[in-house]
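Have a look at upload.cif; it's mmCIF, C-alpha atoms and all ligand atoms:
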```cif
data_model
loop_
_atom_site.group_PDB
_atom_site.id
_atom_site.type_symbol
_atom_site.label_atom_id
_atom_site.label_comp_id
_atom_site.auth_asym_id
_atom_site.auth_seq_id
_atom_site.Cartn_x
_atom_site.Cartn_y
_atom_site.Cartn_z
ATOM 1 C CA MET A 104 44.257 151.386 99.363
ATOM 2 C CA LYS A 105 41.285 153.421 98.133
ATOM 3 C CA ARG A 106 42.024 156.450 95.990
ATOM 4 C CA LYS A 107 39.369 158.777 94.556
ATOM 5 C CA PRO A 108 38.538 157.627 90.985
ATOM 6 C CA PHE A 109 39.947 159.988 88.371
ATOM 7 C CA ILE A 110 38.028 159.873 85.089
ATOM 8 C CA ALA A 111 39.542 161.996 82.324
ATOM 9 C CA ALA A 112 38.420 162.767 78.773
ATOM 10 C CA ASN A 113 40.993 163.457 76.082
ATOM 11 C CA TRP A 114 39.156 165.037 73.186
ATOM 12 C CA LYS A 115 42.351 165.149 71.094
ATOM 13 C CA MET A 116 42.006 167.110 67.794
ATOM 14 C CA ASN A 117 38.211 166.847 67.764
ATOM 15 C CA LYS A 118 35.376 169.391 68.131
ATOM 16 C CA THR A 119 35.192 172.956 66.887
ATOM 17 C CA ASN A 120 34.812 175.625 69.557
ATOM 18 C CA SER A 121 31.003 175.544 69.440
ATOM 19 C CA GLU A 122 30.963 171.732 69.544
ATOM 20 C CA ALA A 123 33.288 171.757 72.552
ATOM 21 C CA ILE A 124 31.052 174.266 74.358
ATOM 22 C CA GLN A 125 27.993 172.133 73.600
ATOM 23 C CA SER A 126 29.629 168.909 74.874
ATOM 24 C CA ALA A 127 30.842 170.666 78.013
ATOM 25 C CA LYS A 128 27.322 171.983 78.679
ATOM 26 C CA GLU A 129 25.831 168.495 78.282
ATOM 27 C CA LEU A 130 28.426 166.967 80.565
ATOM 28 C CA ALA A 131 28.028 169.660 83.220
ATOM 29 C CA LEU A 132 24.287 168.953 83.244
ATOM 30 C CA LEU A 133 24.721 165.176 83.424
ATOM 31 C CA THR A 134 27.350 165.281 86.187
ATOM 32 C CA LYS A 135 24.939 167.205 88.417
ATOM 33 C CA GLU A 136 23.247 163.815 88.862
ATOM 34 C CA LEU A 137 26.477 162.110 89.880
ATOM 35 C CA LYS A 138 26.139 160.325 93.202
ATOM 36 C CA GLN A 139 29.621 158.828 93.487
ATOM 37 C CA GLU A 140 32.826 160.558 94.516
ATOM 38 C CA ARG A 141 34.759 161.186 91.312
ATOM 39 C CA ASP A 142 37.330 163.544 89.879
ATOM 40 C CA VAL A 143 36.071 164.372 86.385
ATOM 41 C CA ILE A 144 38.456 166.054 83.960
ATOM 42 C CA ILE A 145 38.072 167.143 80.342
ATOM 43 C CA ALA A 146 40.901 168.020 77.964
ATOM 44 C CA PRO A 147 39.679 169.993 74.930
ATOM 45 C CA ALA A 148 41.976 171.416 72.244
ATOM 46 C CA TYR A 149 43.883 174.599 73.190
ATOM 47 C CA VAL A 150 41.543 176.873 71.230
ATOM 48 C CA SER A 151 38.527 175.811 73.291
ATOM 49 C CA LEU A 152 40.077 175.814 76.773
ATOM 50 C CA LEU A 153 38.794 179.225 77.768
ATOM 51 C CA SER A 154 35.265 178.812 76.434
ATOM 52 C CA VAL A 155 34.950 175.333 77.990
ATOM 53 C CA TYR A 156 36.260 176.719 81.283
ATOM 54 C CA GLU A 157 33.517 179.370 81.242
ATOM 55 C CA VAL A 158 30.956 176.530 80.967
ATOM 56 C CA ILE A 159 32.372 174.225 83.645
ATOM 57 C CA LYS A 160 33.738 176.679 86.199
ATOM 58 C CA THR A 161 30.637 176.426 88.371
ATOM 59 C CA SER A 162 30.522 172.620 88.074
ATOM 60 C CA ASP A 163 32.804 169.977 89.623
ATOM 61 C CA ILE A 164 34.457 169.237 86.287
ATOM 62 C CA LYS A 165 38.094 170.274 86.027
ATOM 63 C CA LEU A 166 39.978 171.443 82.959
ATOM 64 C CA SER A 167 43.105 169.894 81.455
ATOM 65 C CA ALA A 168 45.252 170.768 78.467
ATOM 66 C CA GLN A 169 46.490 168.041 76.135
ATOM 67 C CA ASN A 170 50.058 169.353 75.993
ATOM 68 C CA VAL A 171 52.305 172.239 77.070
ATOM 69 C CA PHE A 172 55.789 173.632 76.405
ATOM 70 C CA PHE A 173 58.237 173.937 79.292
ATOM 71 C CA GLU A 174 59.774 177.366 78.559
ATOM 72 C CA LYS A 175 58.284 180.399 80.291
ATOM 73 C CA ASP A 176 57.794 182.534 77.159
ATOM 74 C CA GLY A 177 59.616 183.636 74.025
ATOM 75 C CA ALA A 178 60.244 182.681 70.413
ATOM 76 C CA TYR A 179 58.576 179.251 70.281
ATOM 77 C CA THR A 180 56.073 179.639 67.455
ATOM 78 C CA GLY A 181 53.026 177.440 67.884
ATOM 79 C CA GLU A 182 53.745 176.486 71.490
ATOM 80 C CA VAL A 183 51.710 177.220 74.635
ATOM 81 C CA SER A 184 53.187 177.923 78.089
ATOM 82 C CA PHE A 185 52.194 176.935 81.631
ATOM 83 C CA ASP A 186 51.245 180.545 82.464
ATOM 84 C CA MET A 187 48.917 180.594 79.451
ATOM 85 C CA LEU A 188 47.213 177.359 80.537
ATOM 86 C CA LEU A 189 46.802 178.640 84.090
ATOM 87 C CA SER A 190 45.345 181.886 82.775
ATOM 88 C CA VAL A 191 42.481 180.035 81.058
ATOM 89 C CA GLY A 192 41.523 177.868 84.030
ATOM 90 C CA CYS A 193 43.518 174.647 83.555
ATOM 91 C CA SER A 194 44.333 172.628 86.639
ATOM 92 C CA TYR A 195 45.811 169.586 84.856
ATOM 93 C CA VAL A 196 47.951 168.983 81.795
ATOM 94 C CA ILE A 197 48.529 165.755 79.859
ATOM 95 C CA ILE A 198 52.250 165.215 79.300
ATOM 96 C CA GLY A 199 53.875 162.647 77.007
ATOM 97 C CA HIS A 200 50.741 161.221 75.395
ATOM 98 C CA SER A 201 51.756 158.449 72.972
ATOM 99 C CA GLU A 202 50.605 160.581 70.036
ATOM 100 C CA ARG A 203 53.033 163.298 71.179
ATOM 101 C CA ARG A 204 55.808 160.722 71.603
ATOM 102 C CA HIS A 205 55.297 158.840 68.355
ATOM 103 C CA ILE A 206 53.800 161.354 65.879
ATOM 104 C CA PHE A 207 55.632 164.449 67.149
ATOM 105 C CA ASN A 208 58.801 162.692 68.343
ATOM 106 C CA GLU A 209 58.743 163.943 71.931
ATOM 107 C CA SER A 210 61.641 162.402 73.823
ATOM 108 C CA ASP A 211 61.782 161.237 77.439
ATOM 109 C CA GLU A 212 64.097 164.215 78.096
ATOM 110 C CA MET A 213 61.564 166.713 76.798
ATOM 111 C CA ILE A 214 58.768 165.013 78.733
ATOM 112 C CA ASN A 215 60.869 165.150 81.897
ATOM 113 C CA LYS A 216 61.395 168.907 81.411
ATOM 114 C CA LYS A 217 57.625 169.344 81.108
ATOM 115 C CA VAL A 218 56.942 167.321 84.280
ATOM 116 C CA LYS A 219 59.580 169.345 86.175
ATOM 117 C CA ALA A 220 58.086 172.618 84.931
ATOM 118 C CA SER A 221 54.541 171.503 85.875
ATOM 119 C CA LEU A 222 55.597 171.393 89.528
ATOM 120 C CA ASN A 223 57.207 174.815 89.335
ATOM 121 C CA TYR A 224 53.982 176.248 87.956
ATOM 122 C CA ASN A 225 51.602 174.238 90.178
ATOM 123 C CA LEU A 226 49.768 172.671 87.268
ATOM 124 C CA ASN A 227 48.979 169.010 87.978
ATOM 125 C CA PRO A 228 50.673 166.683 85.466
ATOM 126 C CA ILE A 229 49.152 163.557 83.924
ATOM 127 C CA LEU A 230 52.238 161.671 82.736
ATOM 128 C CA CYS A 231 51.412 159.122 80.016
ATOM 129 C CA ILE A 232 53.537 156.074 79.371
ATOM 130 C CA GLY A 233 52.961 152.928 77.330
ATOM 131 C CA GLU A 234 54.627 150.247 75.235
ATOM 132 C CA LYS A 235 54.161 149.695 71.519
ATOM 133 C CA LYS A 236 52.849 146.405 70.112
ATOM 134 C CA GLU A 237 56.275 145.271 68.899
ATOM 135 C CA GLU A 238 57.782 146.053 72.307
ATOM 136 C CA ARG A 239 55.163 143.888 74.036
ATOM 137 C CA ASP A 240 55.599 141.102 71.480
ATOM 138 C CA LEU A 241 59.349 141.103 72.121
ATOM 139 C CA GLY A 242 58.748 140.810 75.873
ATOM 140 C CA ASN A 243 60.087 144.317 76.561
ATOM 141 C CA THR A 244 56.957 145.850 78.138
ATOM 142 C CA PHE A 245 58.333 146.247 81.655
ATOM 143 C CA GLU A 246 61.706 147.512 80.497
ATOM 144 C CA VAL A 247 60.035 150.180 78.322
ATOM 145 C CA LEU A 248 57.666 151.293 81.077
ATOM 146 C CA ASP A 249 60.447 151.342 83.663
ATOM 147 C CA LYS A 250 62.490 153.652 81.445
ATOM 148 C CA GLN A 251 59.593 155.960 80.534
ATOM 149 C CA LEU A 252 58.407 156.338 84.118
ATOM 150 C CA LYS A 253 61.858 156.784 85.688
ATOM 151 C CA LYS A 254 62.986 159.246 83.017
ATOM 152 C CA GLY A 255 59.676 161.096 83.266
ATOM 153 C CA ILE A 256 60.057 161.722 86.991
ATOM 154 C CA ASP A 257 63.854 161.907 87.165
ATOM 155 C CA GLU A 258 64.971 164.668 89.583
ATOM 156 C CA VAL A 259 61.413 165.960 89.923
ATOM 157 C CA ASP A 260 60.867 167.691 93.247
ATOM 158 C CA PHE A 261 57.725 166.010 94.570
ATOM 159 C CA THR A 262 57.954 167.724 97.958
ATOM 160 C CA LYS A 263 55.737 170.363 96.319
ATOM 161 C CA ASN A 264 52.068 169.660 96.789
ATOM 162 C CA VAL A 265 50.926 168.446 93.410
ATOM 163 C CA ASP A 266 48.350 165.914 92.245
ATOM 164 C CA PHE A 267 50.720 163.762 90.190
ATOM 165 C CA ILE A 268 48.902 161.289 87.936
ATOM 166 C CA VAL A 269 50.382 158.457 85.864
ATOM 167 C CA ALA A 270 48.435 157.088 82.895
ATOM 168 C CA TYR A 271 49.365 153.664 81.561
ATOM 169 C CA GLU A 272 48.284 153.642 77.922
ATOM 170 C CA PRO A 273 49.515 150.696 75.864
ATOM 171 C CA VAL A 274 49.953 152.187 72.388
ATOM 172 C CA TRP A 275 48.391 149.118 70.740
ATOM 173 C CA ALA A 276 45.192 149.651 72.762
ATOM 174 C CA ILE A 277 44.675 153.330 71.925
ATOM 175 C CA GLY A 278 41.836 153.919 69.491
ATOM 176 C CA THR A 279 41.911 150.284 68.353
ATOM 177 C CA GLY A 280 39.054 148.727 70.331
ATOM 178 C CA ASP A 281 41.714 146.310 71.600
ATOM 179 C CA THR A 282 41.596 146.851 75.385
ATOM 180 C CA ALA A 283 44.352 145.300 77.493
ATOM 181 C CA THR A 284 43.145 142.309 79.509
ATOM 182 C CA ALA A 285 42.515 142.675 83.229
ATOM 183 C CA LEU A 286 45.569 140.499 83.848
ATOM 184 C CA GLN A 287 47.822 142.682 81.674
ATOM 185 C CA VAL A 288 46.552 145.872 83.335
ATOM 186 C CA ASP A 289 46.868 144.392 86.818
ATOM 187 C CA GLU A 290 50.491 143.314 86.395
ATOM 188 C CA VAL A 291 51.540 146.617 84.832
ATOM 189 C CA HIS A 292 49.832 148.792 87.450
ATOM 190 C CA LYS A 293 51.381 146.760 90.288
ATOM 191 C CA PHE A 294 54.748 147.119 88.600
ATOM 192 C CA LEU A 295 54.349 150.900 88.237
ATOM 193 C CA ARG A 296 53.338 151.253 91.891
ATOM 194 C CA LYS A 297 56.451 149.287 92.834
ATOM 195 C CA ILE A 298 58.705 151.590 90.799
ATOM 196 C CA LEU A 299 57.105 154.672 92.348
ATOM 197 C CA THR A 300 57.702 153.174 95.801
ATOM 198 C CA GLN A 301 61.340 152.329 95.104
ATOM 199 C CA TYR A 302 62.040 155.648 93.429
ATOM 200 C CA LYS A 303 60.019 158.163 95.484
ATOM 201 C CA GLY A 304 58.931 156.347 98.665
ATOM 202 C CA THR A 305 55.804 154.623 99.969
ATOM 203 C CA SER A 306 53.658 157.618 100.851
ATOM 204 C CA PHE A 307 54.195 159.165 97.411
ATOM 205 C CA ALA A 308 53.435 155.852 95.667
ATOM 206 C CA ASP A 309 50.344 155.338 97.814
ATOM 207 C CA LYS A 310 48.798 158.674 96.961
ATOM 208 C CA THR A 311 49.682 158.681 93.236
ATOM 209 C CA ARG A 312 46.729 157.711 91.078
ATOM 210 C CA ILE A 313 47.545 155.382 88.188
ATOM 211 C CA LEU A 314 45.089 155.488 85.291
ATOM 212 C CA TYR A 315 44.521 152.990 82.513
ATOM 213 C CA GLY A 316 43.881 154.260 78.983
ATOM 214 C CA GLY A 317 43.198 152.410 75.751
ATOM 215 C CA SER A 318 39.751 151.728 74.272
ATOM 216 C CA VAL A 319 37.875 152.270 77.543
ATOM 217 C CA THR A 320 34.086 152.097 77.025
ATOM 218 C CA PRO A 321 30.937 151.913 79.188
ATOM 219 C CA ASP A 322 31.144 148.126 78.660
ATOM 220 C CA ASN A 323 34.599 147.551 80.128
ATOM 221 C CA ILE A 324 34.875 150.319 82.736
ATOM 222 C CA LYS A 325 33.500 148.265 85.626
ATOM 223 C CA GLU A 326 35.958 145.436 85.146
ATOM 224 C CA LEU A 327 38.867 147.867 84.792
ATOM 225 C CA MET A 328 37.939 149.822 87.921
ATOM 226 C CA GLN A 329 37.752 146.596 89.919
ATOM 227 C CA ILE A 330 41.490 146.052 89.427
ATOM 228 C CA GLU A 331 43.210 146.960 92.672
ATOM 229 C CA ASP A 332 45.806 149.410 91.361
ATOM 230 C CA VAL A 333 43.605 151.055 88.734
ATOM 231 C CA ASP A 334 42.600 154.450 90.122
ATOM 232 C CA GLY A 335 40.868 155.825 87.068
ATOM 233 C CA VAL A 336 40.894 155.999 83.296
ATOM 234 C CA LEU A 337 41.950 158.290 80.467
ATOM 235 C CA VAL A 338 39.366 158.062 77.693
ATOM 236 C CA GLY A 339 39.709 159.132 74.061
ATOM 237 C CA GLY A 340 37.064 158.008 71.567
ATOM 238 C CA ALA A 341 34.373 157.142 74.113
ATOM 239 C CA SER A 342 34.657 160.581 75.737
ATOM 240 C CA LEU A 343 33.498 162.503 72.683
ATOM 241 C CA LYS A 344 29.775 161.993 73.325
ATOM 242 C CA ALA A 345 28.757 163.395 76.720
ATOM 243 C CA GLU A 346 26.197 160.652 77.322
ATOM 244 C CA THR A 347 28.692 157.855 76.655
ATOM 245 C CA PHE A 348 31.383 159.518 78.753
ATOM 246 C CA PHE A 349 28.905 159.990 81.583
ATOM 247 C CA LYS A 350 28.206 156.242 81.573
ATOM 248 C CA ILE A 351 31.945 155.718 82.101
ATOM 249 C CA ILE A 352 32.101 158.328 84.877
ATOM 250 C CA ASN A 353 29.059 156.858 86.557
ATOM 251 C CA TYR A 354 30.176 153.182 86.228
HETATM 252 C C1 LIG B 401 43.860 158.205 74.570
HETATM 253 O O1 LIG B 401 44.146 158.738 73.531
HETATM 254 O O2 LIG B 401 44.338 158.658 75.621
HETATM 255 C C2 LIG B 401 42.971 157.052 74.559
HETATM 256 C C3 LIG B 401 42.990 156.272 75.583
HETATM 257 O O3 LIG B 401 42.181 156.863 73.432
HETATM 258 P P1 LIG B 401 40.999 155.763 73.238
HETATM 259 O O4 LIG B 401 40.170 155.763 74.470
HETATM 260 O O5 LIG B 401 40.271 156.224 72.027
HETATM 261 O O6 LIG B 401 41.686 154.433 73.044
#
```
What do you get writing this file as structure tokens?
Amino acid sequence: MKRKPFIAANWKMNKTNSEAIQSAKELALLTKELKQERDVIIAPAYVSLLSVYEVIKTSDIKLSAQNVFFEKDGAYTGEVSFDMLLSVGCSYVIIGHSERRHIFNESDEMINKKVKASLNYNLNPILCIGEKKEERDLGNTFEVLDKQLKKGIDEVDFTKNVDFIVAYEPVWAIGTGDTATALQVDEVHKFLRKILTQYKGTSFADKTRILYGGSVTPDNIKELMQIEDVDGVLVGGASLKAETFFKIINY
């Protein structure tokens, strides 16, 4: 089944506000030349969301945040709410990125609360899951992914019209230059589609886009996008330069 390619940039904790504005301007200019049908998303740091939105609002690029907190408002120093993200033009939010899970100790329970809240607020969630190197080496990849995906979407009301995205990001492939092989990506994406089908039904599984993330570059994008159940990519390092990211978008 053909799903519209979803190509997302995660800028992580990179770029000052003026650098983010500059990159967004360059990308908006480059994507004007885009011939293919693509969903293009950029996720700058919180502090640059509004200024980047002002640059891209007249383009086809959409805005994502890199994280969110699930409570509506209140005494949560340092956190940012769904209403705040919506108020600065976000239409997507990355939830459960491996750096949130492993550096900031976000649990599956917390991630599930964020996914649930994203549907209540109509902000499209990009749920990230992925196994660590030791988990793969021990043969536990599928068990880990099964748990992360099922817990992430447990009791989530998908009758609401939301563009739910799953990103498979093996932790050992993120920022390492060590991309998963086509065979590894293929078997995981098929497995994830199967879980979505069993858990939420065929039509939901069919429309859900499953991204691959982990050292994606202009050199490996074509091969990755040829894999049947790969519907797009989440790109870190190679998204920081607009020209390089555009090569990935325009694979
Ligand atoms: C990421 O952090 O989501 C990511 C995939 O990073 P990189 O492309 O740098 O591996």
Determine the nearest neighbour of ligand LIG 401 (chain B) from the options A:Ile197, A:Val259, A:Ala148, A:Val171, counting only C-alpha atoms and all ligand atoms.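 Closest candidate: A:Ile197.
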Residue with the minimum atom-to-atom distance to A:Ala345, picked from A:Ser318, A:Asn264, A:Thr134, A:Ser121 with all atoms listed in the file counted, is A:Thr134
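Residues within 6 Å of A:Asp334, counting all atoms listed in the file and excluding same-chain residues fewer than 4 positions away, are Pro108, Arg312, Ile313 and Leu314 of chain A.
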Using the chain letters and numbers from this file, what does the PyMOL selection byres (((chain A and resi 138-143) around 6) and not hetatm) select? Give the answer as a PyMOL selection string. chain A and resi 108-111+137+144+164
Find the nearest atom pair between each residue of chain A and ligand LIG 401 (chain B) for residues within 9 Å, count all atoms listed in the file, give distances in Å to one decimal, sort rows by chain and ascending number, and present the table as JSON lines.
```
{"residue": "A:Ala111", "atom": "CA", "partner": "B:LIG401", "partner_atom": "O2", "distance": 8.9}
{"residue": "A:Ala112", "atom": "CA", "partner": "B:LIG401", "partner_atom": "O2", "distance": 7.9}
{"residue": "A:Asn113", "atom": "CA", "partner": "B:LIG401", "partner_atom": "O2", "distance": 5.9}
{"residue": "A:Trp114", "atom": "CA", "partner": "B:LIG401", "partner_atom": "O1", "distance": 8.0}
{"residue": "A:Lys115", "atom": "CA", "partner": "B:LIG401", "partner_atom": "O1", "distance": 7.1}
{"residue": "A:His200", "atom": "CA", "partner": "B:LIG401", "partner_atom": "O2", "distance": 6.9}
{"residue": "A:Ser201", "atom": "CA", "partner": "B:LIG401", "partner_atom": "O1", "distance": 7.6}
{"residue": "A:Glu202", "atom": "CA", "partner": "B:LIG401", "partner_atom": "O1", "distance": 7.6}
{"residue": "A:Cys231", "atom": "CA", "partner": "B:LIG401", "partner_atom": "O2", "distance": 8.3}
{"residue": "A:Ala270", "atom": "CA", "partner": "B:LIG401", "partner_atom": "O2", "distance": 8.5}
{"residue": "A:Glu272", "atom": "CA", "partner": "B:LIG401", "partner_atom": "C3", "distance": 6.4}
{"residue": "A:Pro273", "atom": "CA", "partner": "B:LIG401", "partner_atom": "C3", "distance": 8.6}
{"residue": "A:Val274", "atom": "CA", "partner": "B:LIG401", "partner_atom": "O6", "distance": 8.6}
{"residue": "A:Trp275", "atom": "CA", "partner": "B:LIG401", "partner_atom": "O6", "distance": 8.9}
{"residue": "A:Ala276", "atom": "CA", "partner": "B:LIG401", "partner_atom": "O6", "distance": 5.9}
{"residue": "A:Ile277", "atom": "CA", "partner": "B:LIG401", "partner_atom": "O6", "distance": 3.4}
{"residue": "A:Gly278", "atom": "CA", "partner": "B:LIG401", "partner_atom": "O6", "distance": 3.6}
{"residue": "A:Thr279", "atom": "CA", "partner": "B:LIG401", "partner_atom": "O6", "distance": 6.3}
{"residue": "A:Gly280", "atom": "CA", "partner": "B:LIG401", "partner_atom": "O6", "distance": 6.8}
{"residue": "A:Asp281", "atom": "CA", "partner": "B:LIG401", "partner_atom": "O6", "distance": 8.3}
{"residue": "A:Thr282", "atom": "CA", "partner": "B:LIG401", "partner_atom": "O6", "distance": 7.9}
{"residue": "A:Tyr315", "atom": "CA", "partner": "B:LIG401", "partner_atom": "C3", "distance": 7.8}
{"residue": "A:Gly316", "atom": "CA", "partner": "B:LIG401", "partner_atom": "C3", "distance": 4.0}
{"residue": "A:Gly317", "atom": "CA", "partner": "B:LIG401", "partner_atom": "O6", "distance": 3.7}
{"residue": "A:Ser318", "atom": "CA", "partner": "B:LIG401", "partner_atom": "O6", "distance": 3.5}
{"residue": "A:Val319", "atom": "CA", "partner": "B:LIG401", "partner_atom": "O4", "distance": 5.2}
{"residue": "A:Thr320", "atom": "CA", "partner": "B:LIG401", "partner_atom": "O4", "distance": 7.5}
{"residue": "A:Val336", "atom": "CA", "partner": "B:LIG401", "partner_atom": "C3", "distance": 8.0}
{"residue": "A:Leu337", "atom": "CA", "partner": "B:LIG401", "partner_atom": "C3", "distance": 5.4}
{"residue": "A:Val338", "atom": "CA", "partner": "B:LIG401", "partner_atom": "O4", "distance": 4.0}
{"residue": "A:Gly339", "atom": "CA", "partner": "B:LIG401", "partner_atom": "O3", "distance": 3.4}
{"residue": "A:Gly340", "atom": "CA", "partner": "B:LIG401", "partner_atom": "O5", "distance": 3.7}
{"residue": "A:Ala341", "atom": "CA", "partner": "B:LIG401", "partner_atom": "O4", "distance": 6.0}
{"residue": "A:Ser342", "atom": "CA", "partner": "B:LIG401", "partner_atom": "O4", "distance": 7.4}
```
List the spatial neighbours of A:Lys254 as a list in words - criterion: any atom at most 12 Å away, all atoms listed in the file, same-chain residues fewer than 3 positions off excluded.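 Everything that qualifies: Gly199, Ser210, Asp211, Glu212, Met213, Ile214, Asn215, Lys216, Lys217, Val218, Lys219, Leu230, Cys231, Ile232, Val247, Leu248, Asp249, Lys250, Gln251, Asp257, Glu258, Val259, Ile298, Leu299 and Tyr302 of chain A.
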Using Å and a single decimal, report how far atom CA of A:Ser194 sits from atom CA of A:Leu132. 20.7 Å
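Each of A:Leu152, A:Asn208, A:Pro147, A:Leu133 was compared to A:Ile352 using all atoms listed in the file, and A:Leu133 turns out to be the nearest.
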What's the separation between atom CA of A:Lys310 and atom CA of A:Val196, in Å to one decimal place? 18.4 Å
Which residue, A:Val191, A:Leu241, A:Ile268, A:Ala285, has the smallest gap to A:Leu166 when you use only C-alpha atoms?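 Residue with the minimum atom-to-atom distance to A:Leu166: A:Val191.
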